[in-house]
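Undergrad: Data: work39.pdb, PDB, N, CA and C atoms.
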```pdb
MODEL        1
ATOM      1  N   MET A   1     -32.322 -41.656 183.876
ATOM      2  CA  MET A   1     -33.243 -40.683 184.422
ATOM      3  C   MET A   1     -34.000 -41.330 185.584
ATOM      4  N   ALA A   2     -34.177 -40.581 186.651
ATOM      5  CA  ALA A   2     -34.859 -41.097 187.830
ATOM      6  C   ALA A   2     -36.362 -41.179 187.588
ATOM      7  N   THR A   3     -36.976 -42.165 188.227
ATOM      8  CA  THR A   3     -38.424 -42.318 188.128
ATOM      9  C   THR A   3     -39.085 -41.448 189.194
ATOM     10  N   ILE A   4     -40.110 -40.735 188.777
ATOM     11  CA  ILE A   4     -40.847 -39.884 189.710
ATOM     12  C   ILE A   4     -42.236 -40.480 189.877
ATOM     13  N   ASN A   5     -42.551 -40.864 191.117
ATOM     14  CA  ASN A   5     -43.854 -41.454 191.392
ATOM     15  C   ASN A   5     -44.863 -40.412 191.848
ATOM     16  N   ARG A   6     -44.383 -39.358 192.448
ATOM     17  CA  ARG A   6     -45.252 -38.278 192.919
ATOM     18  C   ARG A   6     -44.676 -36.961 192.425
ATOM     19  N   PHE A   7     -45.551 -35.993 192.157
ATOM     20  CA  PHE A   7     -45.036 -34.721 191.663
ATOM     21  C   PHE A   7     -44.183 -34.027 192.712
ATOM     22  N   GLU A   8     -44.417 -34.316 194.002
ATOM     23  CA  GLU A   8     -43.608 -33.725 195.066
ATOM     24  C   GLU A   8     -42.155 -34.193 195.011
ATOM     25  N   ASP A   9     -41.917 -35.293 194.316
ATOM     26  CA  ASP A   9     -40.549 -35.816 194.191
ATOM     27  C   ASP A   9     -39.738 -35.093 193.125
ATOM     28  N   SER A  10     -40.397 -34.332 192.265
ATOM     29  CA  SER A  10     -39.664 -33.665 191.187
ATOM     30  C   SER A  10     -38.861 -32.487 191.745
ATOM     31  N   GLU A  11     -37.699 -32.306 191.185
ATOM     32  CA  GLU A  11     -36.800 -31.253 191.655
ATOM     33  C   GLU A  11     -37.407 -29.867 191.460
ATOM     34  N   ILE A  12     -38.086 -29.667 190.336
ATOM     35  CA  ILE A  12     -38.654 -28.351 190.050
ATOM     36  C   ILE A  12     -39.737 -27.996 191.064
ATOM     37  N   TRP A  13     -40.517 -28.984 191.491
ATOM     38  CA  TRP A  13     -41.561 -28.719 192.493
ATOM     39  C   TRP A  13     -40.905 -28.345 193.820
ATOM     40  N   GLN A  14     -39.860 -29.057 194.206
ATOM     41  CA  GLN A  14     -39.162 -28.767 195.454
ATOM     42  C   GLN A  14     -38.535 -27.372 195.414
ATOM     43  N   LEU A  15     -37.955 -27.000 194.286
ATOM     44  CA  LEU A  15     -37.370 -25.663 194.148
ATOM     45  C   LEU A  15     -38.445 -24.577 194.209
ATOM     46  N   SER A  16     -39.591 -24.844 193.630
ATOM     47  CA  SER A  16     -40.672 -23.845 193.673
ATOM     48  C   SER A  16     -41.173 -23.648 195.093
ATOM     49  N   ARG A  17     -41.208 -24.707 195.893
ATOM     50  CA  ARG A  17     -41.617 -24.590 197.286
ATOM     51  C   ARG A  17     -40.605 -23.755 198.077
ATOM     52  N   GLU A  18     -39.325 -23.945 197.791
ATOM     53  CA  GLU A  18     -38.283 -23.149 198.444
ATOM     54  C   GLU A  18     -38.448 -21.669 198.090
ATOM     55  N   LEU A  19     -38.731 -21.395 196.816
ATOM     56  CA  LEU A  19     -38.929 -20.020 196.372
ATOM     57  C   LEU A  19     -40.129 -19.393 197.084
ATOM     58  N   CYS A  20     -41.208 -20.135 197.219
ATOM     59  CA  CYS A  20     -42.392 -19.628 197.926
ATOM     60  C   CYS A  20     -42.057 -19.279 199.373
ATOM     61  N   LYS A  21     -41.273 -20.129 200.010
ATOM     62  CA  LYS A  21     -40.874 -19.863 201.396
ATOM     63  C   LYS A  21     -40.020 -18.599 201.488
ATOM     64  N   GLU A  22     -39.113 -18.417 200.531
ATOM     65  CA  GLU A  22     -38.266 -17.228 200.530
ATOM     66  C   GLU A  22     -39.094 -15.959 200.314
ATOM     67  N   ILE A  23     -40.046 -16.009 199.404
ATOM     68  CA  ILE A  23     -40.905 -14.851 199.151
ATOM     69  C   ILE A  23     -41.709 -14.520 200.393
ATOM     70  N   ASP A  24     -42.253 -15.526 201.042
ATOM     71  CA  ASP A  24     -43.022 -15.311 202.267
ATOM     72  C   ASP A  24     -42.146 -14.690 203.352
ATOM     73  N   HIS A  25     -40.912 -15.148 203.462
ATOM     74  CA  HIS A  25     -39.982 -14.599 204.450
ATOM     75  C   HIS A  25     -39.684 -13.123 204.151
ATOM     76  N   ILE A  26     -39.479 -12.796 202.888
ATOM     77  CA  ILE A  26     -39.198 -11.410 202.504
ATOM     78  C   ILE A  26     -40.379 -10.514 202.831
ATOM     79  N   ILE A  27     -41.576 -10.961 202.512
ATOM     80  CA  ILE A  27     -42.774 -10.163 202.796
ATOM     81  C   ILE A  27     -42.913  -9.917 204.285
ATOM     82  N   THR A  28     -42.688 -10.964 205.074
ATOM     83  CA  THR A  28     -42.829 -10.841 206.524
ATOM     84  C   THR A  28     -41.726  -9.980 207.134
ATOM     85  N   SER A  29     -40.484 -10.223 206.744
ATOM     86  CA  SER A  29     -39.371  -9.518 207.374
ATOM     87  C   SER A  29     -39.248  -8.074 206.910
ATOM     88  N   ALA A  30     -39.736  -7.767 205.714
ATOM     89  CA  ALA A  30     -39.638  -6.403 205.207
ATOM     90  C   ALA A  30     -40.895  -5.592 205.515
ATOM     91  N   ASN A  31     -41.753  -6.162 206.338
ATOM     92  CA  ASN A  31     -42.994  -5.509 206.745
ATOM     93  C   ASN A  31     -43.844  -5.115 205.539
ATOM     94  N   LEU A  32     -43.933  -6.022 204.583
ATOM     95  CA  LEU A  32     -44.739  -5.783 203.391
ATOM     96  C   LEU A  32     -46.118  -6.431 203.502
ATOM     97  N   LYS A  33     -46.408  -7.055 204.639
ATOM     98  CA  LYS A  33     -47.685  -7.754 204.760
ATOM     99  C   LYS A  33     -48.870  -6.796 204.723
ATOM    100  N   ASN A  34     -48.651  -5.507 204.975
ATOM    101  CA  ASN A  34     -49.732  -4.529 204.889
ATOM    102  C   ASN A  34     -49.831  -3.888 203.515
ATOM    103  N   ASN A  35     -48.954  -4.271 202.603
ATOM    104  CA  ASN A  35     -49.023  -3.796 201.230
ATOM    105  C   ASN A  35     -49.987  -4.723 200.484
ATOM    106  N   PHE A  36     -51.266  -4.381 200.543
ATOM    107  CA  PHE A  36     -52.298  -5.280 200.057
ATOM    108  C   PHE A  36     -52.243  -5.488 198.548
ATOM    109  N   LYS A  37     -51.850  -4.468 197.811
ATOM    110  CA  LYS A  37     -51.755  -4.616 196.359
ATOM    111  C   LYS A  37     -50.666  -5.634 195.997
ATOM    112  N   LEU A  38     -49.515  -5.538 196.631
ATOM    113  CA  LEU A  38     -48.438  -6.501 196.390
ATOM    114  C   LEU A  38     -48.875  -7.903 196.775
ATOM    115  N   ASN A  39     -49.489  -8.039 197.942
ATOM    116  CA  ASN A  39     -49.942  -9.357 198.390
ATOM    117  C   ASN A  39     -50.969  -9.946 197.434
ATOM    118  N   HIS A  40     -51.873  -9.122 196.916
ATOM    119  CA  HIS A  40     -52.881  -9.601 195.979
ATOM    120  C   HIS A  40     -52.218 -10.075 194.695
ATOM    121  N   GLN A  41     -51.209  -9.358 194.219
ATOM    122  CA  GLN A  41     -50.503  -9.762 193.013
ATOM    123  C   GLN A  41     -49.788 -11.089 193.216
ATOM    124  N   ILE A  42     -49.167 -11.261 194.364
ATOM    125  CA  ILE A  42     -48.452 -12.502 194.655
ATOM    126  C   ILE A  42     -49.437 -13.654 194.792
ATOM    127  N   ASP A  43     -50.538 -13.428 195.500
ATOM    128  CA  ASP A  43     -51.544 -14.474 195.664
ATOM    129  C   ASP A  43     -52.173 -14.864 194.331
ATOM    130  N   GLY A  44     -52.299 -13.904 193.434
ATOM    131  CA  GLY A  44     -52.917 -14.183 192.138
ATOM    132  C   GLY A  44     -51.982 -14.795 191.120
ATOM    133  N   SER A  45     -50.693 -14.836 191.429
ATOM    134  CA  SER A  45     -49.744 -15.397 190.469
ATOM    135  C   SER A  45     -49.865 -16.923 190.447
ATOM    136  N   PRO A  46     -49.562 -17.510 189.319
ATOM    137  CA  PRO A  46     -49.647 -18.974 189.241
ATOM    138  C   PRO A  46     -48.645 -19.623 190.176
ATOM    139  N   GLY A  47     -49.039 -20.700 190.756
ATOM    140  CA  GLY A  47     -48.103 -21.414 191.614
ATOM    141  C   GLY A  47     -48.634 -21.896 192.843
TER     142      GLY A  47
ENDMDL
END
```
What's the structure tokens form of this structure?
TA:
Amino acid sequence: MATINRFEDSEIWQLSRELCKEIDHIITSANLKNNFKLNHQIDGSPG
């Protein structure tokens, strides 16, 4: 098993960052940035 010195080195953290980027891209490209209820739900979610 690999040694992890920083939490940023963990695979799960890196995958979660990729997911956040994809969600942000979807919101921006689908013109959902004015859907304030959706944005509030996403901002309030853990992560």
Undergrad: Mind the document's chain letters and residue numbers, and return as a ChimeraX atom specification the residues of region 2-38 of chain A that DSSP labels alpha helix (DSSP H).
TA: /A:11-29,36-38
Undergrad: State, in Å with one decimal place, the distance from CA of Ile12 (chain A) to CA of Ile26 (chain A).
TA: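 Spanning CA of Ile12 (chain A) to CA of Ile26 (chain A) is a straight-line distance of 21.0 Å.
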Undergrad: So how far away is CA of Ser45 (chain A) from CA of Phe7 (chain A), in Å?
TA: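 It comes out at 19.9 Å.
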Undergrad: Find the distance between CA of Ile23 (chain A) and atom N of Phe36 (chain A) and write it in Å to one decimal.
TA: 14.8 Å
Undergrad: Determine, counting only C-alpha atoms, which protein, DNA and RNA residues have an atom within 10 Å of an atom of region 39-42 of chain A; residues of the same chain fewer than 6 positions away are not included. Present the result as number ranges by chain.
TA: A: 20, 23-24, 27, 32-33
Undergrad: Save the residues we just selected, N, CA and C atoms, as a compact mmCIF listing (two decimals), in the frame of the given file?
TA:
```txt
# COMPACT_ATOMS: atom_id res chain seq x y z
N CYS A 20 -41.21 -20.14 197.22
CA CYS A 20 -42.39 -19.63 197.93
C CYS A 20 -42.06 -19.28 199.37
N ILE A 23 -40.05 -16.01 199.40
CA ILE A 23 -40.90 -14.85 199.15
C ILE A 23 -41.71 -14.52 200.39
N ASP A 24 -42.25 -15.53 201.04
CA ASP A 24 -43.02 -15.31 202.27
C ASP A 24 -42.15 -14.69 203.35
N ILE A 27 -41.58 -10.96 202.51
CA ILE A 27 -42.77 -10.16 202.80
C ILE A 27 -42.91 -9.92 204.28
N LEU A 32 -43.93 -6.02 204.58
CA LEU A 32 -44.74 -5.78 203.39
C LEU A 32 -46.12 -6.43 203.50
N LYS A 33 -46.41 -7.06 204.64
CA LYS A 33 -47.68 -7.75 204.76
C LYS A 33 -48.87 -6.80 204.72
```
